[in-house]
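Input: a single structure, listed below in structure tokens.
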Amino acid sequence: MLAGDADRERAVETLKDAFTEGRLTQGEYEDRIGLAFQARTSGELSALTHDLPRPPLPLPARPPRTNSKAVGALVCGVSGVFVGVTAIPAIVLGHMARREIRRTGEQGDGLAVGGLVLGYVVTIVMVVAVALMVALITAVVHEAG
């Protein structure tokens, strides 16, 4: 079958793509382009492109990483429920993590918010407990005195 202009254009385009992607050297590209313009049949054109290496498959995109400060905020918030002291670091890390997440696009905003909520709740409960203890001690001392 005689080679048409469309067949020749397709073969030349395939050779250009292969050269651009580094699958053909400059010399191989020039030789094959010359042969493509001299080809008279579709079979001759096909022979110029059938042995080209396939383009490499694209690598899958890596998911964004989770912000480590967000993880730290949640860990401190959860441990603050049992220990109490780590509630303040949970708040600090949570705010730092949310700022970094907005800037970098990392994942972990939910973790940071969880750490913030736990940190604030534990801190409020501790402040209320200390205030009640102070009021109770003051009332006992005042009654005794």
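Residues in the structure tokens are named by chain (A, B, ... in the order shown) and by number from 1 within that chain; ligands are numbered from 1 in the order shown.
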
Can you build me a table of segment 36-141 of chain A residues sitting at most 9 Å from segment 14-24 of chain A, with the closest atom pair per residue and its distance in Å to one decimal, using only C-alpha atoms, sorted by chain and residue number, as JSON lines?
{"residue": "A:Leu48", "atom": "CA", "partner": "A:Leu15", "partner_atom": "CA", "distance": 8.3}
{"residue": "A:Thr49", "atom": "CA", "partner": "A:Leu15", "partner_atom": "CA", "distance": 6.9}
{"residue": "A:Leu52", "atom": "CA", "partner": "A:Arg23", "partner_atom": "CA", "distance": 7.2}
{"residue": "A:Pro53", "atom": "CA", "partner": "A:Arg23", "partner_atom": "CA", "distance": 6.4}
{"residue": "A:Arg54", "atom": "CA", "partner": "A:Arg23", "partner_atom": "CA", "distance": 8.0}
{"residue": "A:Pro55", "atom": "CA", "partner": "A:Glu21", "partner_atom": "CA", "distance": 7.4}

Please produce an output containing C-alpha atoms for each residue in the selection, written as a short mmCIF file (atom, residue, chain, number, x, y, z; two decimals), in the first residue's frame.
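Okay, this is what ended up in selection.cif:
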data_model
loop_
_atom_site.label_atom_id
_atom_site.label_comp_id
_atom_site.auth_asym_id
_atom_site.auth_seq_id
_atom_site.Cartn_x
_atom_site.Cartn_y
_atom_site.Cartn_z
CA LEU A 48 10.79 3.07 11.00
CA THR A 49 8.65 3.36 14.12
CA LEU A 52 11.10 2.42 19.10
CA PRO A 53 11.34 1.92 22.87
CA ARG A 54 8.11 2.72 24.63
CA PRO A 55 8.01 5.94 26.66
#

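Reported to one decimal place, the separation of atom CA of Ala87 of chain A from atom CA of Ile137 of chain A is 25.1 Å.
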
List every residue of chain A that DSSP, applied to the backbone of this structure, places in strand (DSSP E or B), and write the result as an NGL selection string.
:A and (2 or 41 or 66 or 107)

Residues as selected, all heavy atoms, written as a PDB file, in the first residue's frame, can you do that?
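What ended up in selection-v5.pdb:
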ATOM      1  N   LEU A   2       0.567   2.179  -0.839  1.00  0.00           N
ATOM      2  CA  LEU A   2       1.367   3.388  -0.942  1.00  0.00           C
ATOM      3  C   LEU A   2       1.200   4.253   0.298  1.00  0.00           C
ATOM      4  O   LEU A   2       0.120   4.318   0.885  1.00  0.00           O
ATOM      5  CB  LEU A   2       0.958   4.186  -2.184  1.00  0.00           C
ATOM      6  CG  LEU A   2       1.319   3.565  -3.535  1.00  0.00           C
ATOM      7  CD1 LEU A   2       0.786   4.420  -4.663  1.00  0.00           C
ATOM      8  CD2 LEU A   2       2.810   3.375  -3.675  1.00  0.00           C
ATOM      9  N   THR A  41       5.894   3.158   0.778  1.00  0.00           N
ATOM     10  CA  THR A  41       4.758   2.357   1.241  1.00  0.00           C
ATOM     11  C   THR A  41       4.542   2.556   2.738  1.00  0.00           C
ATOM     12  O   THR A  41       5.446   2.991   3.458  1.00  0.00           O
ATOM     13  CB  THR A  41       4.992   0.858   0.978  1.00  0.00           C
ATOM     14  OG1 THR A  41       6.076   0.412   1.784  1.00  0.00           O
ATOM     15  CG2 THR A  41       5.262   0.581  -0.492  1.00  0.00           C
ATOM     16  N   THR A  66       2.001  14.219  56.010  1.00  0.00           N
ATOM     17  CA  THR A  66       1.268  14.734  57.163  1.00  0.00           C
ATOM     18  C   THR A  66       2.208  15.587  58.003  1.00  0.00           C
ATOM     19  O   THR A  66       3.336  15.197  58.283  1.00  0.00           O
ATOM     20  CB  THR A  66       0.713  13.565  57.999  1.00  0.00           C
ATOM     21  OG1 THR A  66      -0.111  12.761  57.159  1.00  0.00           O
ATOM     22  CG2 THR A  66      -0.100  14.076  59.169  1.00  0.00           C
ATOM     23  N   GLN A 107      -0.877  17.578  54.757  1.00  0.00           N
ATOM     24  CA  GLN A 107      -2.081  17.054  55.367  1.00  0.00           C
ATOM     25  C   GLN A 107      -1.949  17.143  56.881  1.00  0.00           C
ATOM     26  O   GLN A 107      -0.874  17.371  57.399  1.00  0.00           O
ATOM     27  CB  GLN A 107      -2.294  15.599  54.960  1.00  0.00           C
ATOM     28  CG  GLN A 107      -2.615  15.441  53.497  1.00  0.00           C
ATOM     29  CD  GLN A 107      -2.901  14.014  53.133  1.00  0.00           C
ATOM     30  OE1 GLN A 107      -2.560  13.092  53.849  1.00  0.00           O
ATOM     31  NE2 GLN A 107      -3.543  13.823  51.986  1.00  0.00           N
TER      32      GLN A 107
END

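Of the residues listed (A:Arg40, A:Ser79, A:Val92, A:Ala112), A:Ala112 shows the shortest atom-to-atom separation from Asn67 of chain A; distances use only C-alpha atoms.
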
DSSP alpha helix (DSSP H) residues within chain A, listed as number ranges by chain
A: 5-20, 26-38, 42-49, 68-83, 87-104, 109-144

Write out as a count of residues only which residues come within 8 Å of Ala97 of chain A when counting only C-alpha atoms, dropping same-chain ones fewer than 4 positions away.
9

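If you look at atom CA of Gly119 of chain A and atom CA of Pro64 of chain A, they are 25.8 Å away from each other.
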
Within 9 Å of segment 80-86 of chain A, counting only C-alpha atoms, which residues qualify if same-chain residues fewer than 5 places away don't, as number ranges by chain?
A: 75, 91, 118-119, 121-123, 126

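Atom CA of Glu100 of chain A to atom CA of Gly72 of chain A spans 13.5 Å [interatomic distance, one decimal].
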
Excluding Val12 of chain A and residues on its chain fewer than 5 positions from it, collect all residues at most 12 Å away from it, counting only C-alpha atoms, and give them as a ChimeraX atom specification.
/A:5-7,17-19,29-39,45-46,48-49

Across A:Leu136, A:Ala47, A:Met96, A:Ile88, the smallest distance to Val71 of chain A, with only C-alpha atoms counted, is shown by A:Met96
